[in-house]
>>> print(open('data.txt').read())   # compact mmCIF, C-alpha atoms
# COMPACT_ATOMS: atom_id res chain seq x y z
CA MET A 1 -1.06 1.26 -88.44
CA GLN A 2 1.18 -0.80 -90.70
CA ALA A 3 0.42 1.39 -93.71
CA ASP A 4 1.30 4.45 -91.69
CA LYS A 5 4.69 2.95 -90.91
CA ILE A 6 5.28 2.30 -94.59
CA TYR A 7 4.33 5.68 -95.97
CA LYS A 8 5.54 7.93 -93.17
CA MET A 9 9.17 8.09 -92.18
CA LYS A 10 11.14 9.97 -89.58
CA MET A 11 14.44 10.69 -91.23
CA LYS A 12 17.18 13.26 -91.62
CA ALA A 13 19.49 13.91 -94.53
CA LYS A 14 22.77 15.83 -94.58
CA THR A 15 24.37 16.92 -97.82
CA VAL A 16 26.37 19.65 -99.53
CA MET A 17 24.21 22.44 -100.94
CA TYR A 18 25.38 25.06 -103.39
CA ALA A 19 22.90 27.67 -102.13
CA PRO A 20 21.79 27.10 -98.51
CA SER A 21 19.71 30.28 -98.55
CA ALA A 22 17.57 28.86 -101.35
CA VAL A 23 16.84 25.84 -99.15
CA THR A 24 15.19 28.20 -96.66
CA GLN A 25 13.06 29.74 -99.40
CA PHE A 26 12.07 26.42 -100.97
CA THR A 27 11.34 24.72 -97.64
CA TYR A 28 9.07 27.54 -96.53
CA ARG A 29 7.05 27.38 -99.74
CA PHE A 30 6.93 23.57 -99.73
CA ASN A 31 5.72 23.44 -96.11
CA THR A 32 3.07 26.06 -96.83
CA GLU A 33 1.72 24.29 -99.90
CA ASN A 34 1.85 20.74 -98.51
CA HIS A 35 1.13 21.36 -94.81
CA THR A 36 4.40 19.70 -93.82
CA SER A 37 6.81 20.69 -91.06
CA ILE A 38 10.19 20.03 -92.66
CA GLU A 39 13.06 21.81 -90.91
CA HIS A 40 16.68 22.37 -91.82
CA THR A 41 19.94 23.74 -90.44
CA SER A 42 23.09 24.80 -92.27
CA GLU A 43 26.79 24.78 -91.43
CA VAL A 44 30.14 25.15 -93.16
CA LEU A 45 32.55 22.21 -93.07
CA ASP A 46 35.99 22.51 -94.66
CA GLY A 47 34.81 25.46 -96.71
CA SER A 48 31.70 23.75 -98.11
CA PRO A 49 28.10 24.56 -97.10
CA PHE A 50 26.19 21.59 -95.70
CA VAL A 51 22.48 21.43 -94.98
CA THR A 52 20.81 18.95 -92.63
CA ILE A 53 17.13 18.37 -93.42
CA ASP A 54 14.75 16.93 -90.82
CA PHE A 55 11.70 15.48 -92.57
CA LYS A 56 9.93 14.60 -89.30
CA ASP A 57 6.66 12.75 -90.11
CA THR A 58 6.54 13.76 -93.76
CA PRO A 59 4.96 11.07 -95.99
CA PHE A 60 7.46 9.27 -98.19
CA GLN A 61 5.92 10.57 -101.43
CA LEU A 62 6.33 14.16 -100.27
CA ILE A 63 9.91 13.47 -99.19
CA PHE A 64 10.60 12.26 -102.72
CA GLU A 65 8.96 15.35 -104.25
CA TYR A 66 10.86 17.67 -101.91
CA THR A 67 14.29 16.15 -102.60
CA TYR A 68 13.66 15.92 -106.34
CA GLU A 69 12.56 19.56 -106.68
CA LEU A 70 15.31 20.82 -104.39
CA GLY A 71 17.92 18.96 -106.41
CA ILE A 72 16.75 20.61 -109.62
CA ILE A 73 16.72 24.03 -107.96
CA GLN A 74 20.25 23.67 -106.61
CA TYR A 75 21.51 22.48 -110.00
CA GLN A 76 19.97 25.47 -111.79
CA LEU A 77 21.28 27.95 -109.23
CA GLU A 78 24.79 26.58 -109.55
CA ILE A 79 24.68 26.94 -113.33
CA GLU A 80 23.39 30.51 -113.01
CA ARG A 81 25.81 31.30 -110.15
CA GLU A 82 22.94 32.54 -107.99
CA GLN A 83 22.53 32.10 -104.24
CA ILE A 84 18.82 32.83 -103.78
CA LEU A 85 15.54 32.16 -105.60
CA PRO A 86 13.22 34.88 -106.98
CA LEU A 87 11.51 36.43 -103.98
CA ASP A 88 8.17 36.89 -105.72
CA SER A 89 7.82 33.11 -106.09
CA TYR A 90 9.90 31.95 -103.13
CA PRO A 91 9.61 34.42 -100.24
CA PHE A 92 11.53 33.94 -97.05
CA PRO A 93 9.71 32.90 -93.87
CA PRO A 94 8.25 35.76 -91.82
CA ASP A 95 10.94 37.27 -89.62
CA ASP A 96 11.23 40.22 -87.29
CA GLY A 97 10.30 42.68 -90.02
CA LYS A 98 13.88 43.82 -90.53
CA GLN A 99 15.42 44.31 -93.95
CA ILE A 100 18.32 41.97 -93.27
CA ALA A 101 18.57 38.28 -92.36
CA ASN A 102 21.41 36.01 -91.28
CA PHE A 103 21.73 32.85 -93.38
CA ARG A 104 24.85 31.37 -91.86
CA HIS A 105 24.41 31.05 -88.12
CA THR A 106 27.29 28.62 -87.63
CA LYS A 107 30.59 30.37 -86.98
CA GLN A 108 33.55 28.76 -88.74
CA LYS A 109 37.25 29.00 -87.97
CA LEU A 110 39.13 29.36 -91.25
CA PHE A 111 42.69 29.86 -90.05
CA ASP A 112 44.83 29.64 -86.92
CA GLY A 113 48.57 30.20 -87.30
CA GLU A 114 51.29 32.64 -88.30
CA GLU A 115 50.40 35.85 -90.11
CA ALA A 116 52.56 35.23 -93.19
CA GLU A 117 51.00 31.82 -93.75
CA GLY A 118 47.47 33.18 -93.45
CA LEU A 119 48.09 35.97 -95.94
CA GLN A 120 49.22 33.44 -98.54
CA LYS A 121 46.25 31.11 -98.17
CA ALA A 122 43.08 31.02 -100.25
CA PHE A 123 39.96 29.74 -98.50
CA ASP A 124 37.04 27.95 -100.16
CA ILE A 125 33.87 29.80 -99.19
CA ASP A 126 30.69 28.86 -101.02
CA TYR A 127 32.81 27.35 -103.81
CA LYS A 128 34.80 30.53 -104.35
CA LYS A 129 38.40 31.23 -103.41
CA THR A 130 38.69 33.99 -100.83
CA SER A 131 41.81 35.51 -99.33
CA ILE A 132 42.33 37.92 -96.46
CA THR A 133 43.30 40.66 -98.89
CA ASP A 134 39.82 40.46 -100.45
CA PHE A 135 38.23 42.05 -97.38
CA TYR A 136 41.08 43.55 -95.36
CA ASN A 137 40.31 47.08 -96.56
CA ASN A 138 36.62 46.73 -95.64
CA PRO A 139 36.23 47.32 -91.89
CA LEU A 140 32.74 46.62 -90.62
CA SER A 141 32.07 50.30 -89.96
CA ALA A 142 32.13 50.97 -93.73
CA LEU A 143 29.10 48.69 -94.11
CA LYS A 144 27.03 51.57 -92.71
CA LYS A 145 27.31 53.19 -96.14
CA GLU A 146 25.83 50.08 -97.80
CA ILE A 147 22.81 49.28 -95.60
CA ASP A 148 20.35 51.16 -93.39
CA ASP A 149 21.07 51.91 -89.73
CA GLU A 150 18.48 49.50 -88.33
CA SER A 151 19.92 46.61 -90.34
CA PHE A 152 23.45 47.50 -89.27
CA ASP A 153 22.39 47.52 -85.62
CA LYS A 154 20.81 44.08 -86.05
CA VAL A 155 24.07 42.70 -87.47
CA ILE A 156 25.99 44.06 -84.48
CA GLU A 157 23.50 42.74 -81.92
CA GLU A 158 22.99 39.24 -83.31
CA SER A 159 26.67 38.73 -84.07
CA LYS A 160 27.66 39.96 -80.60
CA PHE A 161 30.19 42.41 -81.99
CA THR A 162 31.58 45.17 -79.78
CA LEU A 163 32.57 48.73 -80.64
CA ILE A 164 35.95 49.23 -78.96
CA ASN A 165 36.96 52.53 -80.51
CA SER A 166 34.28 55.08 -81.33
CA TYR A 167 36.82 57.40 -82.98
CA THR A 168 37.90 54.85 -85.60
CA ASP A 169 34.60 52.90 -85.50
CA THR A 170 36.41 49.62 -84.85
CA TYR A 171 34.25 46.57 -84.13
CA VAL A 172 35.58 43.30 -82.74
CA SER A 173 34.24 39.78 -82.34
CA GLU A 174 33.92 37.75 -79.15
CA GLU A 175 37.59 36.76 -79.63
CA ARG A 176 38.50 40.47 -79.79
CA LEU A 177 39.40 40.21 -83.48
CA GLU A 178 38.55 43.08 -85.80
CA VAL A 179 35.51 42.49 -88.03
CA TYR A 180 35.47 43.01 -91.80
CA TYR A 181 32.93 42.46 -94.57
CA LEU A 182 32.85 41.32 -98.18
CA ILE A 183 29.89 41.74 -100.54
CA ARG A 184 29.56 38.96 -103.09
CA ASN A 185 26.49 37.94 -105.12
CA GLU A 186 24.38 40.39 -103.09
CA LEU A 187 25.30 38.59 -99.87
CA ILE A 188 27.30 40.12 -97.03
CA TYR A 189 30.09 37.89 -95.72
CA LEU A 190 31.42 38.87 -92.29
CA PHE A 191 34.93 37.91 -91.18
CA SER A 192 36.92 38.48 -88.01
CA TYR A 193 40.69 38.49 -88.28
CA GLY A 194 43.71 39.56 -86.29
CA GLU A 195 46.34 38.65 -83.75
CA TYR A 196 44.69 36.54 -81.07
CA GLN A 197 47.89 35.94 -79.12
CA PRO A 198 51.45 37.15 -79.78
CA GLY A 199 52.38 35.70 -83.17
CA ARG A 200 49.12 33.74 -83.43
CA TYR A 201 46.61 34.99 -86.01
CA MET A 202 43.06 33.73 -86.39
CA LEU A 203 40.40 34.10 -89.06
CA PHE A 204 36.69 33.32 -88.66
CA LEU A 205 33.71 33.42 -90.96
CA GLU A 206 31.25 35.11 -88.62
CA GLY A 207 28.14 34.95 -90.78
CA VAL A 208 26.52 35.51 -94.15
CA TRP A 209 23.71 38.06 -94.40
CA TYR A 210 21.10 38.85 -97.03
CA TYR A 211 19.94 42.46 -97.47
CA LYS A 212 16.45 42.58 -99.01
CA PRO A 213 16.52 46.06 -100.63
CA TRP A 214 19.33 44.99 -102.97
CA ASP A 215 17.07 42.36 -104.49
CA GLU A 216 14.10 44.75 -104.66
CA ASP A 217 16.17 47.31 -106.59
CA GLU A 218 16.74 44.93 -109.50
>>> encode(input="data.txt", output="structure tokens")
Amino acid sequence: MQADKIYKMKMKAKTVMYAPSAVTQFTYRFNTENHTSIEHTSEVLDGSPFVTIDFKDTPFQLIFEYTYELGIIQYQLEIEREQILPLDSYPFPPDDGKQIANFRHTKQKLFDGEEAEGLQKAFDIDYKKTSITDFYNNPLSALKKEIDDESFDKVIEESKFTLINSYTDTYVSEERLEVYYLIRNELIYLFSYGEYQPGRYMLFLEGVWYYKPWDEDE
């Protein structure tokens, strides 16, 4: 009993991660190979991606191996400016069979204020400066030309977007803000932006999606 208390720990760790998506890949492989049940969640705080890892009853030695290997992986990905690991060695966990997956489930408010101020700001998103002008000419409807119909429908359903104008194909968020997209490093960043109240403009990062066929085409 005493030895079990020494070598098994229930602990959580929260830290900044350069590539949260790679944590999903690595954790799935590590759990499969070591019969562990490590879980993690991700969120964006002040423009930086944080990951909280729940080690549950993982033995201390395996916790050390996990954190050591993950640290090396994140360091290498940052140097190479990559967001995901090679899929042949680090597949994603089984999902619903769709070609697209949401990696950033936590919605983040990026701006709330006057329009002129928002247009002048640059926001830190995954360590890269992003401005409203980077995506303003990319309404969500144009994403249909980039991905298959089934994947597009999944984005709409899971994000709870609404089509408010079938003629212009305008989609809005739960706050009734128009939705836009930005493709960067083979990831799809979704934003909602617009006038929430008279003179009050808001900007949200709605999610970050990974589209599998883009990686398979390489």
>>> residues_around(input="data.txt", residues="Gly118 (chain A)", least_positions_apart="4", cutoff="9 Å", atoms="all atoms listed in the file", output="NGL selection string")
:A and (111-114 or 122 or 131-132 or 201-203)
>>> write_last_selection(input="data.txt", atoms="C-alpha atoms", output="compact mmCIF listing (two decimals), in the coordinates of the input")
# COMPACT_ATOMS: atom_id res chain seq x y z
CA PHE A 111 42.69 29.86 -90.05
CA ASP A 112 44.83 29.64 -86.92
CA GLY A 113 48.57 30.20 -87.30
CA GLU A 114 51.29 32.64 -88.30
CA ALA A 122 43.08 31.02 -100.25
CA SER A 131 41.81 35.51 -99.33
CA ILE A 132 42.33 37.92 -96.46
CA TYR A 201 46.61 34.99 -86.01
CA MET A 202 43.06 33.73 -86.39
CA LEU A 203 40.40 34.10 -89.06
>>> closest_residue(input="data.txt", among="A:Thr170, A:Ser21, A:Gln108, A:Ser42", to="Leu77 (chain A)", atoms="all atoms listed in the file")
A:Ser21
>>> atom_distance(input="data.txt", atom1="CA of Gln74 (chain A)", atom2="CA of Asn185 (chain A)")
15.6 Å
>>> residues_around(input="data.txt", residues="region 10-18 of chain A", least_positions_apart="4", cutoff="6 Å", atoms="only C-alpha atoms", output="list in words")
Pro49, Phe50, Val51, Thr52, Ile53, Asp54, Phe55, Lys56 and Asp57 of chain A
>>> residues_around(input="data.txt", residues="Glu82 (chain A)", least_positions_apart="3", cutoff="12 Å", atoms="only C-alpha atoms", output="ChimeraX atom specification")
/A:18-22,73-79,85-86,126-127,184-187,215
>>> atom_distance(input="data.txt", atom1="CA of Phe123 (chain A)", atom2="CA of Phe26 (chain A)")
28.2 Å
>>> closest_residue(input="data.txt", among="A:Glu80, A:Asp169, A:Glu178, A:Glu206", to="Val44 (chain A)", atoms="all atoms listed in the file")
A:Glu206
>>> residues_near_point(input="data.txt", point="(25.3, 46.1, -84.2)", cutoff="12 Å", atoms="all atoms listed in the file", output="list of chain:residue names")
A:Leu140, A:Ser141, A:Leu143, A:Lys144, A:Asp148, A:Asp149, A:Glu150, A:Ser151, A:Phe152, A:Asp153, A:Lys154, A:Val155, A:Ile156, A:Glu157, A:Glu158, A:Ser159, A:Lys160, A:Phe161, A:Thr162, A:Leu163, A:Asp169, A:Thr170, A:Tyr171, A:Val172, A:Ser173, A:Val179
>>> residues_around(input="data.txt", residues="Leu62 (chain A)", least_positions_apart="3", cutoff="10 Å", atoms="all atoms listed in the file", output="ChimeraX atom specification")
/A:7-8,30,34,36,55,58-59,65-68
>>> write_last_selection(input="data.txt", atoms="C-alpha atoms", output="compact mmCIF listing (two decimals), in the coordinates of the input")
# COMPACT_ATOMS: atom_id res chain seq x y z
CA TYR A 7 4.33 5.68 -95.97
CA LYS A 8 5.54 7.93 -93.17
CA PHE A 30 6.93 23.57 -99.73
CA ASN A 34 1.85 20.74 -98.51
CA THR A 36 4.40 19.70 -93.82
CA PHE A 55 11.70 15.48 -92.57
CA THR A 58 6.54 13.76 -93.76
CA PRO A 59 4.96 11.07 -95.99
CA GLU A 65 8.96 15.35 -104.25
CA TYR A 66 10.86 17.67 -101.91
CA THR A 67 14.29 16.15 -102.60
CA TYR A 68 13.66 15.92 -106.34
>>> closest_residue(input="data.txt", among="A:Ile183, A:Leu110, A:Ile125, A:Ile63", to="Tyr210 (chain A)", atoms="all atoms listed in the file")
A:Ile183
>>> closest_residue(input="data.txt", among="A:Asn137, A:Thr168, A:Ser89, A:Ser48", to="Tyr28 (chain A)", atoms="all atoms listed in the file")
A:Ser89
>>> axis_aligned_box(input="data.txt", around="region 151-157 of chain A", padding_each_side="6 Å", output="AutoDock Vina command-line options")
--center_x 23.0 --center_y 45.1 --center_z -86.1 --size_x 18.1 --size_y 16.8 --size_z 20.4
>>> residues_around(input="data.txt", residues="Lys107 (chain A)", least_positions_apart="3", cutoff="9 Å", atoms="only C-alpha atoms", output="mmCIF file with C-alpha atoms, in the frame of the given file")
data_model
loop_
_atom_site.group_PDB
_atom_site.id
_atom_site.type_symbol
_atom_site.label_atom_id
_atom_site.label_comp_id
_atom_site.auth_asym_id
_atom_site.auth_seq_id
_atom_site.Cartn_x
_atom_site.Cartn_y
_atom_site.Cartn_z
ATOM 1 C CA GLU A 43 26.790 24.780 -91.430
ATOM 2 C CA VAL A 44 30.140 25.150 -93.160
ATOM 3 C CA ARG A 104 24.850 31.370 -91.860
ATOM 4 C CA PHE A 204 36.690 33.320 -88.660
ATOM 5 C CA LEU A 205 33.710 33.420 -90.960
ATOM 6 C CA GLU A 206 31.250 35.110 -88.620
ATOM 7 C CA GLY A 207 28.140 34.950 -90.780
#
>>> closest_residue(input="data.txt", among="A:Arg176, A:Gln99, A:Pro91, A:Arg200", to="Ile164 (chain A)", atoms="all atoms listed in the file")
A:Arg176
>>> decode(input="data.txt", residues="region 19-73 of chain A", atoms="C-alpha atoms", output="PDB file, in the first residue's frame")
ATOM      1  CA  ALA A  19       1.186  22.831 -30.594  1.00  0.00           C
ATOM      2  CA  PRO A  20      -1.874  21.639 -28.620  1.00  0.00           C
ATOM      3  CA  SER A  21      -2.951  19.386 -31.484  1.00  0.00           C
ATOM      4  CA  ALA A  22       0.281  17.424 -31.177  1.00  0.00           C
ATOM      5  CA  VAL A  23      -0.541  16.791 -27.514  1.00  0.00           C
ATOM      6  CA  THR A  24      -3.655  14.936 -28.659  1.00  0.00           C
ATOM      7  CA  GLN A  25      -1.612  12.807 -31.046  1.00  0.00           C
ATOM      8  CA  PHE A  26       1.165  12.057 -28.560  1.00  0.00           C
ATOM      9  CA  THR A  27      -1.209  11.324 -25.673  1.00  0.00           C
ATOM     10  CA  TYR A  28      -3.206   8.858 -27.752  1.00  0.00           C
ATOM     11  CA  ARG A  29      -0.075   6.954 -28.766  1.00  0.00           C
ATOM     12  CA  PHE A  30       1.388   7.052 -25.243  1.00  0.00           C
ATOM     13  CA  ASN A  31      -1.832   5.736 -23.678  1.00  0.00           C
ATOM     14  CA  THR A  32      -2.047   2.964 -26.257  1.00  0.00           C
ATOM     15  CA  GLU A  33       1.541   1.820 -25.761  1.00  0.00           C
ATOM     16  CA  ASN A  34       1.616   2.108 -21.957  1.00  0.00           C
ATOM     17  CA  HIS A  35      -1.986   1.239 -21.068  1.00  0.00           C
ATOM     18  CA  THR A  36      -2.435   4.561 -19.285  1.00  0.00           C
ATOM     19  CA  SER A  37      -5.485   6.822 -19.230  1.00  0.00           C
ATOM     20  CA  ILE A  38      -3.933  10.284 -19.381  1.00  0.00           C
ATOM     21  CA  GLU A  39      -6.382  12.989 -20.450  1.00  0.00           C
ATOM     22  CA  HIS A  40      -5.946  16.602 -21.467  1.00  0.00           C
ATOM     23  CA  THR A  41      -7.910  19.726 -22.328  1.00  0.00           C
ATOM     24  CA  SER A  42      -6.804  22.868 -24.145  1.00  0.00           C
ATOM     25  CA  GLU A  43      -7.761  26.532 -23.951  1.00  0.00           C
ATOM     26  CA  VAL A  44      -6.482  29.909 -25.092  1.00  0.00           C
ATOM     27  CA  LEU A  45      -5.560  32.484 -22.447  1.00  0.00           C
ATOM     28  CA  ASP A  46      -4.389  35.951 -23.478  1.00  0.00           C
ATOM     29  CA  GLY A  47      -3.575  34.664 -26.946  1.00  0.00           C
ATOM     30  CA  SER A  48      -1.466  31.706 -25.785  1.00  0.00           C
ATOM     31  CA  PRO A  49      -2.520  28.037 -26.002  1.00  0.00           C
ATOM     32  CA  PHE A  50      -2.568  26.261 -22.640  1.00  0.00           C
ATOM     33  CA  VAL A  51      -2.972  22.540 -22.062  1.00  0.00           C
ATOM     34  CA  THR A  52      -4.101  20.939 -18.800  1.00  0.00           C
ATOM     35  CA  ILE A  53      -2.954  17.332 -18.421  1.00  0.00           C
ATOM     36  CA  ASP A  54      -4.666  14.956 -15.993  1.00  0.00           C
ATOM     37  CA  PHE A  55      -2.337  12.053 -15.212  1.00  0.00           C
ATOM     38  CA  LYS A  56      -4.916  10.231 -13.064  1.00  0.00           C
ATOM     39  CA  ASP A  57      -3.286   7.100 -11.539  1.00  0.00           C
ATOM     40  CA  THR A  58      -0.309   7.041 -13.885  1.00  0.00           C
ATOM     41  CA  PRO A  59       2.859   5.689 -12.202  1.00  0.00           C
ATOM     42  CA  PHE A  60       5.455   8.353 -11.503  1.00  0.00           C
ATOM     43  CA  GLN A  61       8.022   6.849 -13.890  1.00  0.00           C
ATOM     44  CA  LEU A  62       5.543   7.015 -16.767  1.00  0.00           C
ATOM     45  CA  ILE A  63       4.626  10.594 -15.861  1.00  0.00           C
ATOM     46  CA  PHE A  64       8.309  11.462 -16.136  1.00  0.00           C
ATOM     47  CA  GLU A  65       8.616   9.699 -19.507  1.00  0.00           C
ATOM     48  CA  TYR A  66       5.469  11.392 -20.818  1.00  0.00           C
ATOM     49  CA  THR A  67       6.507  14.915 -19.826  1.00  0.00           C
ATOM     50  CA  TYR A  68      10.076  14.427 -21.040  1.00  0.00           C
ATOM     51  CA  GLU A  69       9.044  13.128 -24.474  1.00  0.00           C
ATOM     52  CA  LEU A  70       6.302  15.726 -24.859  1.00  0.00           C
ATOM     53  CA  GLY A  71       8.748  18.505 -24.031  1.00  0.00           C
ATOM     54  CA  ILE A  72      11.130  17.350 -26.751  1.00  0.00           C
ATOM     55  CA  ILE A  73       8.278  17.068 -29.256  1.00  0.00           C
TER      56      ILE A  73
END
